[in-house]
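What's in input_19.pdb: PDB, C-alpha atoms
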```
ATOM      1  CA  MET A  24       0.000   0.000   0.000
ATOM      2  CA  SER A  25       1.422   3.383  -0.940
ATOM      3  CA  THR A  26       2.056   5.960   1.794
ATOM      4  CA  THR A  27       0.245   8.677  -0.155
ATOM      5  CA  THR A  28      -2.878   6.535  -0.427
ATOM      6  CA  LEU A  29      -2.729   5.769   3.296
ATOM      7  CA  ILE A  30      -2.466   9.505   4.061
ATOM      8  CA  ILE A  31      -5.425  10.190   1.769
ATOM      9  CA  ILE A  32      -7.562   7.495   3.447
ATOM     10  CA  LEU A  33      -6.685   8.483   7.030
ATOM     11  CA  GLY A  34      -7.117  12.182   6.229
ATOM     12  CA  MET A  35     -10.495  11.523   4.618
ATOM     13  CA  MET A  36     -11.562   9.513   7.644
ATOM     14  CA  LEU A  37     -10.602  12.303  10.036
ATOM     15  CA  VAL A  38     -12.305  15.154   8.150
ATOM     16  CA  THR A  39     -15.418  12.998   7.611
ATOM     17  CA  TYR A  40     -15.673  11.808  11.216
ATOM     18  CA  ILE A  41     -15.255  15.192  12.908
ATOM     19  CA  PRO A  42     -18.424  16.824  11.476
ATOM     20  CA  ARG A  43     -20.300  13.583  12.167
ATOM     21  CA  MET A  44     -19.168  13.490  15.785
ATOM     22  CA  LEU A  45     -19.205  17.161  16.886
ATOM     23  CA  PRO A  46     -23.023  17.425  17.187
ATOM     24  CA  GLY A  47     -22.894  14.413  19.523
ATOM     25  CA  LEU A  48     -21.027  16.595  21.999
ATOM     26  CA  LEU A  49     -22.893  19.832  21.374
ATOM     27  CA  TYR A  50     -26.296  18.701  20.104
ATOM     28  CA  ASP A  51     -28.426  20.401  22.725
ATOM     29  CA  ARG A  52     -26.452  23.609  22.913
ATOM     30  CA  TYR A  53     -26.330  24.970  19.387
ATOM     31  CA  GLU A  54     -28.606  25.485  16.419
ATOM     32  CA  LEU A  55     -27.019  26.394  13.065
ATOM     33  CA  PRO A  56     -28.329  29.520  11.302
ATOM     34  CA  GLU A  57     -30.674  28.733   8.368
ATOM     35  CA  ILE A  58     -28.325  30.271   5.789
ATOM     36  CA  LEU A  59     -25.467  28.019   6.912
ATOM     37  CA  LYS A  60     -27.728  24.946   6.747
ATOM     38  CA  LYS A  61     -28.675  25.890   3.174
ATOM     39  CA  TRP A  62     -25.011  26.331   2.242
ATOM     40  CA  LEU A  63     -24.120  22.920   3.707
ATOM     41  CA  GLU A  64     -27.038  21.383   1.849
ATOM     42  CA  TYR A  65     -25.901  22.892  -1.474
ATOM     43  CA  ILE A  66     -22.247  21.861  -1.257
ATOM     44  CA  PRO A  67     -22.687  18.291  -2.544
ATOM     45  CA  TYR A  68     -24.560  19.530  -5.635
ATOM     46  CA  ALA A  69     -21.871  22.107  -6.363
ATOM     47  CA  ALA A  70     -19.232  19.400  -5.905
ATOM     48  CA  LEU A  71     -21.052  17.037  -8.283
ATOM     49  CA  GLY A  72     -21.256  19.775 -10.933
ATOM     50  CA  ALA A  73     -17.545  20.528 -10.629
ATOM     51  CA  LEU A  74     -16.643  16.838 -10.658
ATOM     52  CA  ILE A  75     -18.640  16.111 -13.809
ATOM     53  CA  PHE A  76     -17.412  18.936 -15.988
ATOM     54  CA  PRO A  77     -14.941  19.412 -17.563
ATOM     55  CA  GLY A  78     -13.431  16.176 -16.161
ATOM     56  CA  ILE A  79     -15.682  13.985 -18.278
ATOM     57  CA  ILE A  80     -14.178  15.274 -21.548
ATOM     58  CA  ARG A  81     -10.613  15.661 -20.245
ATOM     59  CA  GLY A  82      -9.700  11.967 -20.291
ATOM     60  CA  GLU A  83      -7.335  10.363 -22.780
ATOM     61  CA  ARG A  84     -10.218  10.204 -25.224
ATOM     62  CA  PRO A  85     -12.892  12.913 -24.973
ATOM     63  CA  LEU A  86     -15.582  11.422 -27.228
ATOM     64  CA  PRO A  87     -16.253   8.168 -25.367
ATOM     65  CA  GLY A  88     -16.506  10.269 -22.190
ATOM     66  CA  LEU A  89     -18.910  12.708 -23.804
ATOM     67  CA  PHE A  90     -21.210  10.036 -25.252
ATOM     68  CA  GLY A  91     -21.043   7.952 -22.076
ATOM     69  CA  GLY A  92     -22.016  11.053 -20.101
ATOM     70  CA  LEU A  93     -24.931  11.870 -22.402
ATOM     71  CA  ALA A  94     -26.141   8.272 -22.127
ATOM     72  CA  ALA A  95     -25.943   8.566 -18.334
ATOM     73  CA  LEU A  96     -27.950  11.801 -18.461
ATOM     74  CA  VAL A  97     -30.722  10.208 -20.529
ATOM     75  CA  ALA A  98     -30.755   7.081 -18.344
ATOM     76  CA  ALA A  99     -30.914   9.224 -15.203
ATOM     77  CA  LEU A 100     -33.791  11.269 -16.638
ATOM     78  CA  PHE A 101     -35.682   7.981 -17.051
ATOM     79  CA  ASP A 102     -35.232   7.395 -13.289
ATOM     80  CA  LEU A 103     -33.211   4.234 -13.764
ATOM     81  CA  HIS A 104     -31.259   2.785 -10.837
ATOM     82  CA  LEU A 105     -27.821   4.271 -10.268
ATOM     83  CA  VAL A 106     -26.063   1.041 -11.125
ATOM     84  CA  ILE A 107     -28.017   0.704 -14.397
ATOM     85  CA  VAL A 108     -27.112   4.323 -15.259
ATOM     86  CA  MET A 109     -23.434   3.511 -14.710
ATOM     87  CA  THR A 110     -23.601   0.286 -16.697
ATOM     88  CA  ILE A 111     -25.256   1.985 -19.681
ATOM     89  CA  ALA A 112     -22.648   4.779 -19.649
ATOM     90  CA  ILE A 113     -19.758   2.318 -19.524
ATOM     91  CA  LEU A 114     -21.225   0.275 -22.393
ATOM     92  CA  VAL A 115     -21.828   3.370 -24.548
ATOM     93  CA  ALA A 116     -18.310   4.682 -23.827
ATOM     94  CA  PHE A 117     -16.837   1.278 -24.639
ATOM     95  CA  LEU A 118     -18.756   1.048 -27.943
ATOM     96  CA  THR A 119     -17.923   4.652 -28.880
ATOM     97  CA  GLY A 120     -14.266   3.903 -28.197
ATOM     98  CA  MET A 121     -14.386   0.926 -30.557
ATOM     99  CA  VAL A 122     -16.157   2.748 -33.395
ATOM    100  CA  LEU A 123     -14.351   6.121 -33.254
TER     101      LEU A 123
ATOM    102  CA  MET B  26     -36.934  -4.090  24.712
ATOM    103  CA  SER B  27     -33.698  -5.783  25.662
ATOM    104  CA  GLY B  28     -30.401  -4.714  24.089
ATOM    105  CA  ILE B  29     -30.335  -7.674  21.714
ATOM    106  CA  ASP B  30     -33.894  -6.970  20.564
ATOM    107  CA  GLU B  31     -33.034  -3.337  19.915
ATOM    108  CA  PHE B  32     -29.979  -4.328  17.924
ATOM    109  CA  ILE B  33     -31.914  -6.873  15.832
ATOM    110  CA  SER B  34     -34.766  -4.491  15.076
ATOM    111  CA  GLY B  35     -32.120  -1.961  13.966
ATOM    112  CA  VAL B  36     -30.590  -4.556  11.658
ATOM    113  CA  LYS B  37     -34.014  -5.291  10.153
ATOM    114  CA  LYS B  38     -34.654  -1.609   9.581
ATOM    115  CA  GLY B  39     -31.211  -1.133   7.979
ATOM    116  CA  LEU B  40     -31.334  -4.170   5.703
ATOM    117  CA  PRO B  41     -32.867  -2.334   2.707
ATOM    118  CA  VAL B  42     -30.066   0.240   2.945
ATOM    119  CA  ALA B  43     -27.474  -2.540   2.916
ATOM    120  CA  VAL B  44     -29.130  -4.063  -0.159
ATOM    121  CA  GLY B  45     -29.130  -0.637  -1.816
ATOM    122  CA  TYR B  46     -25.473  -0.013  -0.930
ATOM    123  CA  LEU B  47     -24.237  -3.356  -2.219
ATOM    124  CA  PRO B  48     -24.332  -2.698  -6.006
ATOM    125  CA  ILE B  49     -23.043   0.866  -5.581
ATOM    126  CA  ALA B  50     -20.201  -0.400  -3.406
ATOM    127  CA  ILE B  51     -19.410  -3.052  -6.027
ATOM    128  CA  ALA B  52     -19.300  -0.262  -8.616
ATOM    129  CA  PHE B  53     -17.056   1.816  -6.328
ATOM    130  CA  GLY B  54     -14.678  -1.112  -5.885
ATOM    131  CA  ALA B  55     -14.518  -1.612  -9.629
ATOM    132  CA  VAL B  56     -13.878   2.042 -10.560
ATOM    133  CA  ALA B  57     -11.506   2.607  -7.627
ATOM    134  CA  THR B  58      -9.213  -0.128  -8.862
ATOM    135  CA  GLY B  59      -9.490   1.492 -12.307
ATOM    136  CA  SER B  60      -8.153   4.729 -10.817
ATOM    137  CA  HIS B  61      -4.881   3.289  -9.506
ATOM    138  CA  LEU B  62      -6.127   2.100  -6.104
ATOM    139  CA  SER B  63      -5.351  -1.488  -5.165
ATOM    140  CA  PRO B  64      -8.270  -3.674  -4.009
ATOM    141  CA  HIS B  65      -6.907  -3.505  -0.446
ATOM    142  CA  GLU B  66      -6.786   0.280  -0.579
ATOM    143  CA  ALA B  67     -10.338   0.470  -1.931
ATOM    144  CA  VAL B  68     -11.661  -1.766   0.873
ATOM    145  CA  LEU B  69      -9.680   0.174   3.483
ATOM    146  CA  MET B  70     -11.166   3.429   2.208
ATOM    147  CA  SER B  71     -14.707   2.042   2.469
ATOM    148  CA  ALA B  72     -14.021   0.678   5.961
ATOM    149  CA  PHE B  73     -12.437   3.878   7.304
ATOM    150  CA  VAL B  74     -14.359   6.616   5.517
ATOM    151  CA  PHE B  75     -17.848   5.102   4.902
ATOM    152  CA  ALA B  76     -19.081   8.053   2.814
ATOM    153  CA  GLY B  77     -19.921   7.067  -0.751
ATOM    154  CA  ALA B  78     -19.957  10.332  -2.692
ATOM    155  CA  SER B  79     -16.624  11.473  -1.254
ATOM    156  CA  GLN B  80     -15.051   8.106  -2.026
ATOM    157  CA  PHE B  81     -16.117   8.311  -5.677
ATOM    158  CA  MET B  82     -14.824  11.880  -5.689
ATOM    159  CA  ALA B  83     -11.482  10.768  -4.251
ATOM    160  CA  ALA B  84     -11.168   8.087  -6.931
ATOM    161  CA  SER B  85     -11.801  10.606  -9.699
ATOM    162  CA  MET B  86      -9.401  13.159  -8.163
ATOM    163  CA  ILE B  87      -6.667  10.536  -7.799
ATOM    164  CA  LEU B  88      -7.223   9.759 -11.469
ATOM    165  CA  ALA B  89      -6.914  13.485 -12.306
ATOM    166  CA  GLY B  90      -3.586  13.611 -10.464
ATOM    167  CA  ALA B  91      -4.756  15.637  -7.455
ATOM    168  CA  ASP B  92      -2.565  15.497  -4.347
ATOM    169  CA  ALA B  93      -3.529  14.248  -0.873
ATOM    170  CA  LEU B  94      -4.241  17.688   0.629
ATOM    171  CA  GLN B  95      -6.611  18.650  -2.194
ATOM    172  CA  ILE B  96      -8.516  15.377  -1.872
ATOM    173  CA  ILE B  97      -8.798  15.697   1.924
ATOM    174  CA  ILE B  98     -10.034  19.305   1.731
ATOM    175  CA  ALA B  99     -12.585  18.437  -0.956
ATOM    176  CA  THR B 100     -13.727  15.489   1.196
ATOM    177  CA  PHE B 101     -14.150  17.787   4.189
ATOM    178  CA  PHE B 102     -16.475  20.086   2.277
ATOM    179  CA  ILE B 103     -18.535  17.394   0.560
ATOM    180  CA  ASN B 104     -19.063  15.569   3.885
ATOM    181  CA  LEU B 105     -19.704  18.702   5.943
ATOM    182  CA  ARG B 106     -23.422  18.169   5.269
ATOM    183  CA  HIS B 107     -23.337  15.330   7.815
ATOM    184  CA  LEU B 108     -23.063  18.027  10.484
ATOM    185  CA  VAL B 109     -26.718  18.934  10.049
ATOM    186  CA  MET B 110     -27.809  15.287   9.798
ATOM    187  CA  SER B 111     -25.806  14.342  12.852
ATOM    188  CA  MET B 112     -27.472  17.119  14.865
ATOM    189  CA  ALA B 113     -30.872  15.653  14.024
ATOM    190  CA  VAL B 114     -29.802  12.095  14.902
ATOM    191  CA  HIS B 115     -28.256  13.075  18.241
ATOM    192  CA  HIS B 116     -31.256  15.235  19.016
ATOM    193  CA  ARG B 117     -33.587  12.238  18.630
ATOM    194  CA  MET B 118     -31.374   9.916  20.652
ATOM    195  CA  LYS B 119     -32.156  11.492  24.002
ATOM    196  CA  LYS B 120     -30.732   8.809  26.279
ATOM    197  CA  ALA B 121     -27.188   8.082  25.159
ATOM    198  CA  SER B 122     -23.802   8.547  26.758
ATOM    199  CA  THR B 123     -21.038  10.498  25.049
ATOM    200  CA  LEU B 124     -19.192   7.250  24.268
ATOM    201  CA  TRP B 125     -22.252   5.779  22.511
ATOM    202  CA  ARG B 126     -22.695   9.047  20.621
ATOM    203  CA  ALA B 127     -19.081   8.929  19.468
ATOM    204  CA  ILE B 128     -19.587   5.390  18.128
ATOM    205  CA  VAL B 129     -22.959   6.030  16.477
ATOM    206  CA  SER B 130     -21.580   9.190  14.822
ATOM    207  CA  PHE B 131     -19.273   7.167  12.581
ATOM    208  CA  GLY B 132     -22.246   5.530  10.858
ATOM    209  CA  ILE B 133     -24.143   8.679   9.882
ATOM    210  CA  THR B 134     -24.784   8.755   6.130
ATOM    211  CA  ASP B 135     -27.557  10.326   4.031
ATOM    212  CA  GLU B 136     -29.496   7.054   4.213
ATOM    213  CA  THR B 137     -28.965   6.026   7.839
ATOM    214  CA  PHE B 138     -29.809   9.594   8.884
ATOM    215  CA  ALA B 139     -33.063   9.420   6.930
ATOM    216  CA  LEU B 140     -34.071   6.111   8.543
ATOM    217  CA  LEU B 141     -33.156   7.247  12.052
ATOM    218  CA  THR B 142     -34.948  10.576  11.933
ATOM    219  CA  MET B 143     -37.918  10.226   9.575
ATOM    220  CA  GLY B 144     -41.105   8.191   9.942
ATOM    221  CA  ASN B 145     -39.860   6.484  13.061
ATOM    222  CA  ASP B 146     -42.214   6.576  16.011
ATOM    223  CA  VAL B 147     -39.913   4.958  18.571
ATOM    224  CA  GLU B 148     -36.968   6.871  19.945
ATOM    225  CA  PRO B 149     -33.805   5.259  18.555
ATOM    226  CA  THR B 150     -31.478   3.793  21.175
ATOM    227  CA  PRO B 151     -27.717   3.501  20.550
ATOM    228  CA  LEU B 152     -27.964  -0.279  20.030
ATOM    229  CA  TYR B 153     -30.826   0.146  17.564
ATOM    230  CA  ALA B 154     -28.788   2.752  15.670
ATOM    231  CA  ILE B 155     -25.711   0.517  15.677
ATOM    232  CA  GLY B 156     -27.720  -2.427  14.312
ATOM    233  CA  LEU B 157     -29.142  -0.237  11.560
ATOM    234  CA  MET B 158     -25.806   1.356  10.674
ATOM    235  CA  GLY B 159     -23.849  -1.863  11.151
ATOM    236  CA  ILE B 160     -25.756  -3.790   8.489
ATOM    237  CA  ALA B 161     -25.504  -0.824   6.082
ATOM    238  CA  TYR B 162     -21.764  -0.613   6.796
ATOM    239  CA  ALA B 163     -21.368  -4.349   6.168
ATOM    240  CA  GLY B 164     -23.101  -3.960   2.795
ATOM    241  CA  TRP B 165     -20.799  -1.089   1.879
ATOM    242  CA  VAL B 166     -17.525  -2.780   2.840
ATOM    243  CA  ILE B 167     -18.410  -6.247   1.503
ATOM    244  CA  GLY B 168     -19.647  -4.729  -1.771
ATOM    245  CA  THR B 169     -16.389  -2.816  -2.166
ATOM    246  CA  ALA B 170     -14.423  -6.034  -1.679
ATOM    247  CA  ILE B 171     -16.525  -7.872  -4.275
ATOM    248  CA  GLY B 172     -16.158  -5.016  -6.774
ATOM    249  CA  SER B 173     -12.464  -4.329  -6.311
ATOM    250  CA  PHE B 174     -11.273  -7.932  -6.293
ATOM    251  CA  GLY B 175     -13.802  -8.881  -8.980
ATOM    252  CA  ALA B 176     -12.596  -6.059 -11.261
ATOM    253  CA  GLN B 177      -9.286  -7.886 -11.671
ATOM    254  CA  ILE B 178     -10.962 -10.307 -14.045
ATOM    255  CA  ILE B 179     -12.469  -7.557 -16.246
ATOM    256  CA  PRO B 180     -10.489  -7.297 -19.525
ATOM    257  CA  SER B 181      -8.417  -4.116 -19.766
ATOM    258  CA  SER B 182     -10.196  -2.947 -22.943
ATOM    259  CA  VAL B 183     -13.457  -2.721 -20.980
ATOM    260  CA  GLY B 184     -11.589  -1.530 -17.904
ATOM    261  CA  ALA B 185     -10.511   1.641 -19.723
ATOM    262  CA  SER B 186     -14.181   2.589 -20.144
ATOM    263  CA  MET B 187     -14.848   2.019 -16.447
ATOM    264  CA  THR B 188     -13.780   5.535 -15.480
ATOM    265  CA  VAL B 189     -16.815   6.828 -17.371
ATOM    266  CA  GLY B 190     -18.758   4.931 -14.699
ATOM    267  CA  LEU B 191     -17.498   7.471 -12.159
ATOM    268  CA  TYR B 192     -18.965  10.371 -14.092
ATOM    269  CA  ALA B 193     -22.155   8.405 -14.730
ATOM    270  CA  MET B 194     -22.383   7.936 -10.962
ATOM    271  CA  PHE B 195     -22.105  11.691 -10.400
ATOM    272  CA  ILE B 196     -24.692  12.371 -13.116
ATOM    273  CA  GLY B 197     -27.016   9.718 -11.723
ATOM    274  CA  LEU B 198     -26.759  11.259  -8.243
ATOM    275  CA  LEU B 199     -27.312  14.812  -9.454
ATOM    276  CA  VAL B 200     -30.122  14.478 -12.011
ATOM    277  CA  PRO B 201     -32.979  13.406  -9.673
ATOM    278  CA  HIS B 202     -32.279  16.416  -7.428
ATOM    279  CA  ALA B 203     -31.797  18.799 -10.360
ATOM    280  CA  ARG B 204     -35.207  17.808 -11.728
ATOM    281  CA  LYS B 205     -36.912  18.645  -8.472
ATOM    282  CA  SER B 206     -35.159  21.933  -7.779
ATOM    283  CA  TRP B 207     -34.043  24.722 -10.098
ATOM    284  CA  GLN B 208     -31.640  25.878  -7.398
ATOM    285  CA  VAL B 209     -29.789  22.565  -7.587
ATOM    286  CA  THR B 210     -29.627  22.773 -11.395
ATOM    287  CA  LEU B 211     -28.321  26.326 -11.206
ATOM    288  CA  ILE B 212     -25.697  25.479  -8.579
ATOM    289  CA  ALA B 213     -24.424  22.494 -10.566
ATOM    290  CA  VAL B 214     -24.195  24.494 -13.799
ATOM    291  CA  VAL B 215     -22.473  27.424 -12.066
ATOM    292  CA  SER B 216     -19.834  25.165 -10.535
ATOM    293  CA  MET B 217     -19.294  23.406 -13.880
ATOM    294  CA  VAL B 218     -18.594  26.787 -15.494
ATOM    295  CA  LEU B 219     -16.380  27.883 -12.590
ATOM    296  CA  ASN B 220     -14.432  24.632 -12.709
ATOM    297  CA  THR B 221     -13.938  24.956 -16.470
ATOM    298  CA  VAL B 222     -12.513  28.465 -15.986
ATOM    299  CA  PHE B 223     -10.419  27.719 -12.880
ATOM    300  CA  SER B 224      -8.973  24.455 -14.187
ATOM    301  CA  SER B 225      -7.498  26.318 -17.164
ATOM    302  CA  PHE B 226      -5.026  28.080 -14.867
ATOM    303  CA  MET B 227      -4.855  26.056 -11.642
ATOM    304  CA  SER B 228      -4.540  22.392 -10.721
ATOM    305  CA  MET B 229      -7.654  20.225 -11.079
ATOM    306  CA  GLY B 230      -7.714  19.529  -7.327
ATOM    307  CA  TRP B 231      -7.825  23.162  -6.171
ATOM    308  CA  SER B 232     -10.149  24.038  -9.011
ATOM    309  CA  ILE B 233     -12.710  21.465  -7.797
ATOM    310  CA  VAL B 234     -12.414  22.632  -4.177
ATOM    311  CA  LEU B 235     -12.819  26.305  -5.095
ATOM    312  CA  SER B 236     -15.657  25.723  -7.598
ATOM    313  CA  THR B 237     -17.542  23.679  -4.979
ATOM    314  CA  ILE B 238     -17.320  26.357  -2.291
ATOM    315  CA  LEU B 239     -18.158  29.213  -4.674
ATOM    316  CA  GLY B 240     -20.909  27.244  -6.433
ATOM    317  CA  ALA B 241     -22.719  26.592  -3.134
ATOM    318  CA  THR B 242     -22.218  30.224  -2.098
ATOM    319  CA  VAL B 243     -23.671  31.515  -5.380
ATOM    320  CA  GLY B 244     -26.600  29.147  -4.776
ATOM    321  CA  VAL B 245     -27.295  30.588  -1.324
ATOM    322  CA  ILE B 246     -27.147  34.151  -2.697
ATOM    323  CA  LEU B 247     -29.315  33.542  -5.766
ATOM    324  CA  ALA B 248     -31.823  31.106  -4.262
ATOM    325  CA  LYS B 249     -33.291  33.576  -1.760
TER     326      LYS B 249
END
```

In structure tokens, what does this structure look like?
Amino acid sequence: MSTTTLIIILGMMLVTYIPRMLPGLLYDRYELPEILKKWLEYIPYAALGALIFPGIIRGERPLPGLFGGLAALVAALFDLHLVIVMTIAILVAFLTGMVL
Amino acid sequence: MSGIDEFISGVKKGLPVAVGYLPIAIAFGAVATGSHLSPHEAVLMSAFVFAGASQFMAASMILAGADALQIIIATFFINLRHLVMSMAVHHRMKKASTLWRAIVSFGITDETFALLTMGNDVEPTPLYAIGLMGIAYAGWVIGTAIGSFGAQIIPSSVGASMTVGLYAMFIGLLVPHARKSWQVTLIAVVSMVLNTVFSSFMSMGWSIVLSTILGATVGVILAK
């Protein structure tokens, strides 16, 4: 196991556990302001946006990424299960990679 | 109810979450090994972190060449939402010692939070919560092991397309929320644009961190 990976995993554990645990100590003493709650609620969506683009077209081969992503979008709009969405995207990217 | 009964009824309540986690964990194991993590590292990450979205994010950032500090900071922000969920869980669990609270806290995820705080007429006890979270955790870790060790037998030609699965995961997580809320759509689009601009002159890791923070901030300002 590489040291860098171990640092990443232990660091992730620490920064994930602390916000989970703090309210256990302070739960009856503090209430977060509404605006801060909203901000915390929005962060994952902002992160997902940033993670998707432009990363999806910045791989070794942009087109399979692009078509795989579009397939995922359509599949997700049809309310398919997350794993089905992923499988469809991988298949489309694989096929695009073979054809183009 | 005795302790054992509480624990078992927690396990029963958490079983659907475990079943739901299993395929996603298998997918995480498979894409994590595609992004230069060994199967052992993927399983260790699931066992220590137990926070799906941030683990997928870490895999994609490792793939993009981000360094440890960038990944840890991004993880901090994406998992900061648990703060609010944890408050609700601890608030409902009236009778629990600090030690129990410290243990239960590790298992707070979007799904376990929902089960512990919504549509539940009995007050959750620590053992009930641990049963519920424990079975979900087992599903997550076991699924990761199946996916990461199983991915070794996938041919490399298909394996190269697996990273698209990461992005499909992000899209699949985002779309249902974006459909229900224009604010979510706006925030996601804003941070995509920000990340496109920032990543042209800074490293991918910092660009993602900064776009996330600013994207959520823009959302709070515009969504009033």

Practice item. Report the residues retrieved by the PyMOL selection byres ((chain A and resi 98-114) around 8) from the displayed file, expressed as a ChimeraX atom specification. Key: /A:90-97,115-118 /B:48-49,52,186-191,193-194,196-198,200-201

Review point. Smallest atom-to-atom distance to chain A: which of B:Val74, B:Val56, B:Ala161, B:Ile155, using all atoms listed in the file?
Key: B:Val74

Non-local contacts of Leu88 (chain B) (12 Å; all atoms listed in the file; under 4 positions in same chain excluded) as an mmCIF file with C-alpha atoms, in the frame of the given file:
```cif
data_model
loop_
_atom_site.group_PDB
_atom_site.id
_atom_site.type_symbol
_atom_site.label_atom_id
_atom_site.label_comp_id
_atom_site.auth_asym_id
_atom_site.auth_seq_id
_atom_site.Cartn_x
_atom_site.Cartn_y
_atom_site.Cartn_z
ATOM 1 C CA LEU A 74 -16.643 16.838 -10.658
ATOM 2 C CA GLY A 78 -13.431 16.176 -16.161
ATOM 3 C CA ILE A 79 -15.682 13.985 -18.278
ATOM 4 C CA ARG A 81 -10.613 15.661 -20.245
ATOM 5 C CA GLY A 82 -9.700 11.967 -20.291
ATOM 6 C CA GLU A 83 -7.335 10.363 -22.780
ATOM 7 C CA VAL B 56 -13.878 2.042 -10.560
ATOM 8 C CA ALA B 57 -11.506 2.607 -7.627
ATOM 9 C CA THR B 58 -9.213 -0.128 -8.862
ATOM 10 C CA GLY B 59 -9.490 1.492 -12.307
ATOM 11 C CA SER B 60 -8.153 4.729 -10.817
ATOM 12 C CA HIS B 61 -4.881 3.289 -9.506
ATOM 13 C CA LEU B 62 -6.127 2.100 -6.104
ATOM 14 C CA PHE B 81 -16.117 8.311 -5.677
ATOM 15 C CA MET B 82 -14.824 11.880 -5.689
ATOM 16 C CA ALA B 83 -11.482 10.768 -4.251
ATOM 17 C CA ALA B 84 -11.168 8.087 -6.931
ATOM 18 C CA ASP B 92 -2.565 15.497 -4.347
ATOM 19 C CA ILE B 96 -8.516 15.377 -1.872
ATOM 20 C CA MET B 187 -14.848 2.019 -16.447
ATOM 21 C CA THR B 188 -13.780 5.535 -15.480
ATOM 22 C CA VAL B 189 -16.815 6.828 -17.371
ATOM 23 C CA LEU B 191 -17.498 7.471 -12.159
ATOM 24 C CA MET B 229 -7.654 20.225 -11.079
ATOM 25 C CA GLY B 230 -7.714 19.529 -7.327
#
```

**Study point:** Option closest in space to chain A, from B:Gly244, B:Gly172, B:Gly156, B:Pro180 [counting only C-alpha atoms]
**Key:**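 That would be B:Gly244, the residue with the smallest distance to chain A.
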
Point to revise | Selection: 9 Å around Trp62 (chain A), all atoms listed in the file, excl. self and same-chain fewer than 6 positions, as a ChimeraX atom specification | key: /B:106,238,241-242,244-245

Check your understanding: When you draw a straight line from CA of Ala76 (chain B) to CA of Leu37 (chain A), how long is it in Å?
Key ->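 So the answer is 11.9 Å.
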
Exercise for review: Grab the CA of Leu33 (chain A) to CA of Glu66 (chain B) distance for me, in Å with one decimal place.
Suggested key: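 A separation of 11.2 Å between them.
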
Practice item. I need the residue set behind the PyMOL selection byres ((chain A and resi 61) around 12) for this file; please write it as an NGL selection string. Key: (:A and (55-60 or 62-68)) or (:B and (105-106 or 109 or 208-209 or 241-249))

Review point. What's the 12 Å shell around Ala73 (chain A), counting all atoms listed in the file, without same-chain residues fewer than 2 positions away, as a ChimeraX atom specification?
Key: /A:66-71,75-79 /B:82,85-86,99,103,192,195-196,199,212-224,229-241

Exercise for review: Expand the PyMOL selection byres ((chain A and resi 42) around 10) into the individual residues it matches in the shown file, reporting them as a count of residues only.
Suggested key: 23

Exercise for review: Can you work out which one of B:Met70, B:Ala121, B:Ala154, B:Ala170 has the shortest atom-to-atom distance to chain A, counting all atoms listed in the file?
Suggested key: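 Result for the nearest residue to chain A: B:Met70.
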
Review point. Between CA of Ala93 (chain B) and CA of Gly34 (chain A), what is the distance, to one decimal in Å?
Key: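 Interatomic distance, CA of Ala93 (chain B) to CA of Gly34 (chain A): 8.2 Å.
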
Practice item. Tell me which of A:Leu49, A:Leu89, A:Met36, A:Met121 sits closest to chain B, counting only C-alpha atoms. Key: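 The answer is A:Met36, which sits nearest to chain B.
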
Check your understanding: Hey, what's within 8 Å of Tyr162 (chain B) if we count only C-alpha atoms and toss same-chain stuff fewer than 5 positions away? As a PyMOL selection string, please?
Key -> chain B and resi 43+72+75+132

Practice item. Give the answer as one residue: which of A:Leu123, A:Arg84, A:Leu48, A:Thr26 has the shortest atom-to-atom distance to chain B, using all atoms listed in the file? Key: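 Ranked by minimum distance to chain B, first place goes to A:Leu48.
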